[in-house]
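Working notes, structure below.
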Amino acid sequence: MNWDNIRFFLALARTGGIRSAAASLNADQATVARRVRDLEAEMNATLFRRHRGGYDLTRTGERLLAHAEEMEVAAVALVDLATDTERTLSGKVHITTTDMLAENFLLPVLREIRDRYPEIRLNVSTSTTVMDVLREEGIDIAIRSSRPYDGDLVIRRLYTTSVGLYASSAYISRYGSPQRGTAFAGHSLVMYHREAAPRYWQNLCGEPITCGTIALETNSQMLLIQAIRAGAGIGFLSKDLVAQDLPDLVNILPECTETVDIWLVVHPDVYRTERVRAVVDSIVRSFKEKRILQ
């Protein structure tokens, strides 16, 4: 039986009028009338006698009223239970991600989680290294750009972004822009450590790096960004990030681009705990609200 229809039935039974019932539910009168008709059709019974003064319960309606009120009490208890559960969720949840994702996407989530679940303590570690949530002790949630293919993991794609090649205006003024097919000859590159992003040590967005000079290796996205902005060399960055926060950088070789998926990964044993599910739901909701959730 549709609980929403029962709510409208109760409101009409208590007020005796469509207008009053609608006001009590913050709904329009047509919705109240339709919901009551739906319930009568569902039960194959007439629940109200309609007259000039309003609505009176039929004998069937009176019998239903007692059961509907029991349903209402149960529904309120469920809401209270859920609210109490949220308030009493406690314990530590360990998240691993990159420093850029932590700053741009997790910080707003941390504030929400703190307000909603004050007893949950978050431990956030940042690294570009791929962490194995099956083996890394203490890791509850991983947010990363490489998708694991272990069938036992709980995996959610948070969003897809495009990455491109960027340099500062000062760098381009001094060294010019590389030409496609030259493998970055005569140019400097800033890179993640090879073990952190091995596939980019073959090529950057489709362009081989064999003739380029590695000016900097780092495991920090923040340092990589600042190095590019300081003119240390060419690097690859998310186009979303550049568009929002780094307008001073120039997209070079704009035809060189690729897409990168960001994944949320949780071990199934950990996902069964309520506090971890609550944090996962908050993260997913935050990405969705930014309109980048796929």
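Residues in the structure tokens are named by chain (A, B, ... in the order shown) and by number from 1 within that chain; ligands are numbered from 1 in the order shown.
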Shell of 10 Å around Lys92 in chain A, only C-alpha atoms, local chain residues under 6 positions omitted, as a PyMOL selection string: chain A and resi 119-123+138+140+275-276
All alpha helix (DSSP H) positions in range 191-290 of chain A, as a VMD selection string: chain A and resid 221 to 229 239 to 245 268 to 271 274 to 289
Produce a file of the selected residues containing N, CA and C atoms, as a short mmCIF file (atom, residue, chain, number, x, y, z; two decimals), in the first residue's frame.
```
data_model
loop_
_atom_site.label_atom_id
_atom_site.label_comp_id
_atom_site.auth_asym_id
_atom_site.auth_seq_id
_atom_site.Cartn_x
_atom_site.Cartn_y
_atom_site.Cartn_z
N GLN A 221 50.29 17.02 -6.65
CA GLN A 221 49.62 17.75 -7.70
C GLN A 221 49.74 19.25 -7.49
N MET A 222 49.71 19.70 -6.24
CA MET A 222 49.84 21.12 -5.95
C MET A 222 51.20 21.65 -6.40
N LEU A 223 52.26 20.90 -6.12
CA LEU A 223 53.59 21.32 -6.54
C LEU A 223 53.70 21.30 -8.06
N LEU A 224 53.10 20.30 -8.69
CA LEU A 224 53.11 20.22 -10.15
C LEU A 224 52.47 21.47 -10.75
N ILE A 225 51.33 21.86 -10.20
CA ILE A 225 50.62 23.05 -10.70
C ILE A 225 51.47 24.30 -10.51
N GLN A 226 52.05 24.46 -9.33
CA GLN A 226 52.84 25.65 -9.07
C GLN A 226 54.10 25.70 -9.94
N ALA A 227 54.66 24.53 -10.23
CA ALA A 227 55.83 24.48 -11.10
C ALA A 227 55.47 24.93 -12.51
N ILE A 228 54.32 24.49 -13.01
CA ILE A 228 53.88 24.91 -14.34
C ILE A 228 53.63 26.41 -14.35
N ARG A 229 52.98 26.91 -13.31
CA ARG A 229 52.68 28.35 -13.24
C ARG A 229 53.97 29.17 -13.14
N LYS A 239 41.32 19.96 -17.44
CA LYS A 239 40.79 21.18 -18.05
C LYS A 239 39.75 21.83 -17.14
N ASP A 240 38.99 21.02 -16.38
CA ASP A 240 38.03 21.59 -15.43
C ASP A 240 38.73 22.44 -14.40
N LEU A 241 39.83 21.92 -13.86
CA LEU A 241 40.58 22.64 -12.84
C LEU A 241 41.13 23.95 -13.39
N VAL A 242 41.72 23.90 -14.58
CA VAL A 242 42.30 25.10 -15.17
C VAL A 242 41.23 26.15 -15.43
N ALA A 243 40.09 25.70 -15.96
CA ALA A 243 39.01 26.63 -16.28
C ALA A 243 38.49 27.33 -15.03
N GLN A 244 38.45 26.62 -13.90
CA GLN A 244 37.89 27.18 -12.68
C GLN A 244 38.89 28.04 -11.90
N ASP A 245 40.15 27.57 -11.83
CA ASP A 245 41.07 28.18 -10.87
C ASP A 245 42.40 28.65 -11.46
N PRO A 268 34.40 -4.18 0.25
CA PRO A 268 33.03 -4.55 0.63
C PRO A 268 32.84 -4.78 2.12
N ASP A 269 33.85 -5.30 2.81
CA ASP A 269 33.72 -5.51 4.26
C ASP A 269 33.60 -4.18 4.99
N VAL A 270 34.36 -3.19 4.54
CA VAL A 270 34.31 -1.86 5.15
C VAL A 270 33.00 -1.17 4.82
N TYR A 271 32.51 -1.39 3.60
CA TYR A 271 31.30 -0.70 3.14
C TYR A 271 30.08 -1.11 3.96
N GLU A 274 28.15 1.38 8.90
CA GLU A 274 27.27 2.51 8.65
C GLU A 274 28.03 3.82 8.49
N ARG A 275 29.09 4.02 9.26
CA ARG A 275 29.80 5.30 9.19
C ARG A 275 30.51 5.45 7.84
N VAL A 276 31.02 4.34 7.29
CA VAL A 276 31.67 4.42 5.98
C VAL A 276 30.65 4.69 4.89
N ARG A 277 29.49 4.01 4.96
CA ARG A 277 28.44 4.27 3.97
C ARG A 277 27.97 5.71 4.04
N ALA A 278 27.89 6.26 5.24
CA ALA A 278 27.46 7.65 5.38
C ALA A 278 28.45 8.60 4.72
N VAL A 279 29.75 8.34 4.89
CA VAL A 279 30.77 9.19 4.28
C VAL A 279 30.75 9.04 2.76
N VAL A 280 30.62 7.80 2.28
CA VAL A 280 30.54 7.56 0.83
C VAL A 280 29.35 8.32 0.24
N ASP A 281 28.19 8.23 0.88
CA ASP A 281 27.00 8.93 0.37
C ASP A 281 27.23 10.44 0.32
N SER A 282 27.92 10.98 1.31
CA SER A 282 28.18 12.42 1.34
C SER A 282 29.12 12.82 0.19
N ILE A 283 30.12 12.00 -0.07
CA ILE A 283 31.06 12.30 -1.17
C ILE A 283 30.34 12.25 -2.51
N VAL A 284 29.54 11.20 -2.72
CA VAL A 284 28.82 11.06 -3.99
C VAL A 284 27.86 12.23 -4.17
N ARG A 285 27.18 12.60 -3.10
CA ARG A 285 26.22 13.72 -3.18
C ARG A 285 26.94 15.02 -3.52
N SER A 286 28.14 15.23 -2.97
CA SER A 286 28.89 16.44 -3.25
C SER A 286 29.29 16.53 -4.71
N PHE A 287 29.76 15.42 -5.27
CA PHE A 287 30.13 15.42 -6.68
C PHE A 287 28.90 15.65 -7.56
N LYS A 288 27.78 15.08 -7.15
CA LYS A 288 26.55 15.25 -7.93
C LYS A 288 26.10 16.71 -7.91
N GLU A 289 26.19 17.35 -6.76
CA GLU A 289 25.77 18.74 -6.65
C GLU A 289 26.64 19.67 -7.49
#
```
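Proximity to Ala11 in chain A at 8 Å, evaluated using only C-alpha atoms and with sequence-adjacent residues fewer than 6 positions away removed, yields Ala21, Ala22, Ser24 and Leu25 of chain A.
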Nearest to Ala196 in chain A by atom-to-atom distance, counting only C-alpha atoms, from A:Ser127, A:Thr182, A:Gly164, A:Leu39: A:Ser127
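As for CA of Pro254 in chain A and CA of Ser177 in chain A, they are spaced 11.1 Å apart.
With only C-alpha atoms as the atoms that count, the minimum distance from Phe184 in chain A to the choices A:Gly212, A:Pro198, A:Gly206, A:Gly61 is reached by A:Gly212.
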All residues 6 Å or closer to range 153-155 of chain A, only C-alpha atoms, same chain fewer than 5 positions away omitted, as a list in words: Leu264, Val265, Val266, His267 and Pro268 of chain A
Spatial neighbours of Ile262 in chain A, 6 Å, only C-alpha atoms, chain gap at least 2 places, as an MDAnalysis selection string: chainID A and resid 144:145 157:159
Any chance you could export the current selection's N, CA, C and O atoms as a compact mmCIF listing (two decimals), in the first residue's frame?
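See again_20.txt below for the written result:
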```
# COMPACT_ATOMS: atom_id res chain seq x y z
N ARG A 144 40.60 7.88 -6.71
CA ARG A 144 41.78 7.89 -7.55
C ARG A 144 41.40 7.83 -9.02
O ARG A 144 40.23 7.58 -9.35
N SER A 145 42.39 8.01 -9.89
CA SER A 145 42.11 8.11 -11.32
C SER A 145 42.36 6.81 -12.07
O SER A 145 42.26 6.78 -13.30
N ARG A 157 32.13 5.36 -10.25
CA ARG A 157 32.75 6.44 -11.00
C ARG A 157 32.15 7.76 -10.55
O ARG A 157 30.94 7.98 -10.67
N LEU A 158 33.00 8.64 -10.05
CA LEU A 158 32.52 9.92 -9.56
C LEU A 158 32.35 10.93 -10.68
O LEU A 158 31.35 11.64 -10.75
N TYR A 159 33.34 11.04 -11.55
CA TYR A 159 33.19 11.94 -12.69
C TYR A 159 34.27 11.66 -13.72
O TYR A 159 35.23 10.93 -13.48
```
Secondary structure check, strand (DSSP E or B) residues of range 44-267 of chain A, as number ranges by chain: A: 48-51, 54-57, 90-97, 119-126, 141-144, 154-168, 188-192, 203-204, 207-208, 213-218, 234-238, 249-266
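Distance annotation: of A:Trp3, A:Tyr117, A:Trp201, A:Phe48, the residue with the minimal separation from Val73 in chain A is A:Trp3; atom set is only C-alpha atoms.
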All residues 7 Å or closer to Leu249 in chain A, only C-alpha atoms, same chain fewer than 5 positions away omitted, as a ChimeraX atom specification: /A:166-169,229
If you keep N, CA and C atoms, can you produce a file of those selected residues as a PDB file, in the first residue's frame?
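Just written: again23.pdb:
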```pdb
ATOM      1  N   TYR A 166      49.588  22.057 -20.557  1.00  0.00           N
ATOM      2  CA  TYR A 166      49.554  23.462 -20.161  1.00  0.00           C
ATOM      3  C   TYR A 166      50.959  23.975 -19.841  1.00  0.00           C
ATOM      4  N   ALA A 167      51.117  25.279 -20.095  1.00  0.00           N
ATOM      5  CA  ALA A 167      52.346  25.980 -19.741  1.00  0.00           C
ATOM      6  C   ALA A 167      51.979  27.413 -19.383  1.00  0.00           C
ATOM      7  N   SER A 168      52.900  28.101 -18.736  1.00  0.00           N
ATOM      8  CA  SER A 168      52.660  29.502 -18.398  1.00  0.00           C
ATOM      9  C   SER A 168      52.963  30.386 -19.604  1.00  0.00           C
ATOM     10  N   SER A 169      52.397  31.567 -19.591  1.00  0.00           N
ATOM     11  CA  SER A 169      52.683  32.530 -20.667  1.00  0.00           C
ATOM     12  C   SER A 169      54.167  32.867 -20.704  1.00  0.00           C
ATOM     13  N   ARG A 229      52.977  26.915 -13.310  1.00  0.00           N
ATOM     14  CA  ARG A 229      52.680  28.345 -13.240  1.00  0.00           C
ATOM     15  C   ARG A 229      53.966  29.174 -13.141  1.00  0.00           C
TER      16      ARG A 229
END
```
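When only C-alpha atoms are used to measure the gap to Ser125 in chain A, the shortest distance among A:Glu103, A:Asp56, A:Glu112, A:Glu207 belongs to A:Glu103.
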Selection near Thr96 in chain A, 7 Å with only C-alpha atoms, sequence-local residues under 4 positions removed, as a PyMOL selection string: chain A and resi 124-126+141-143
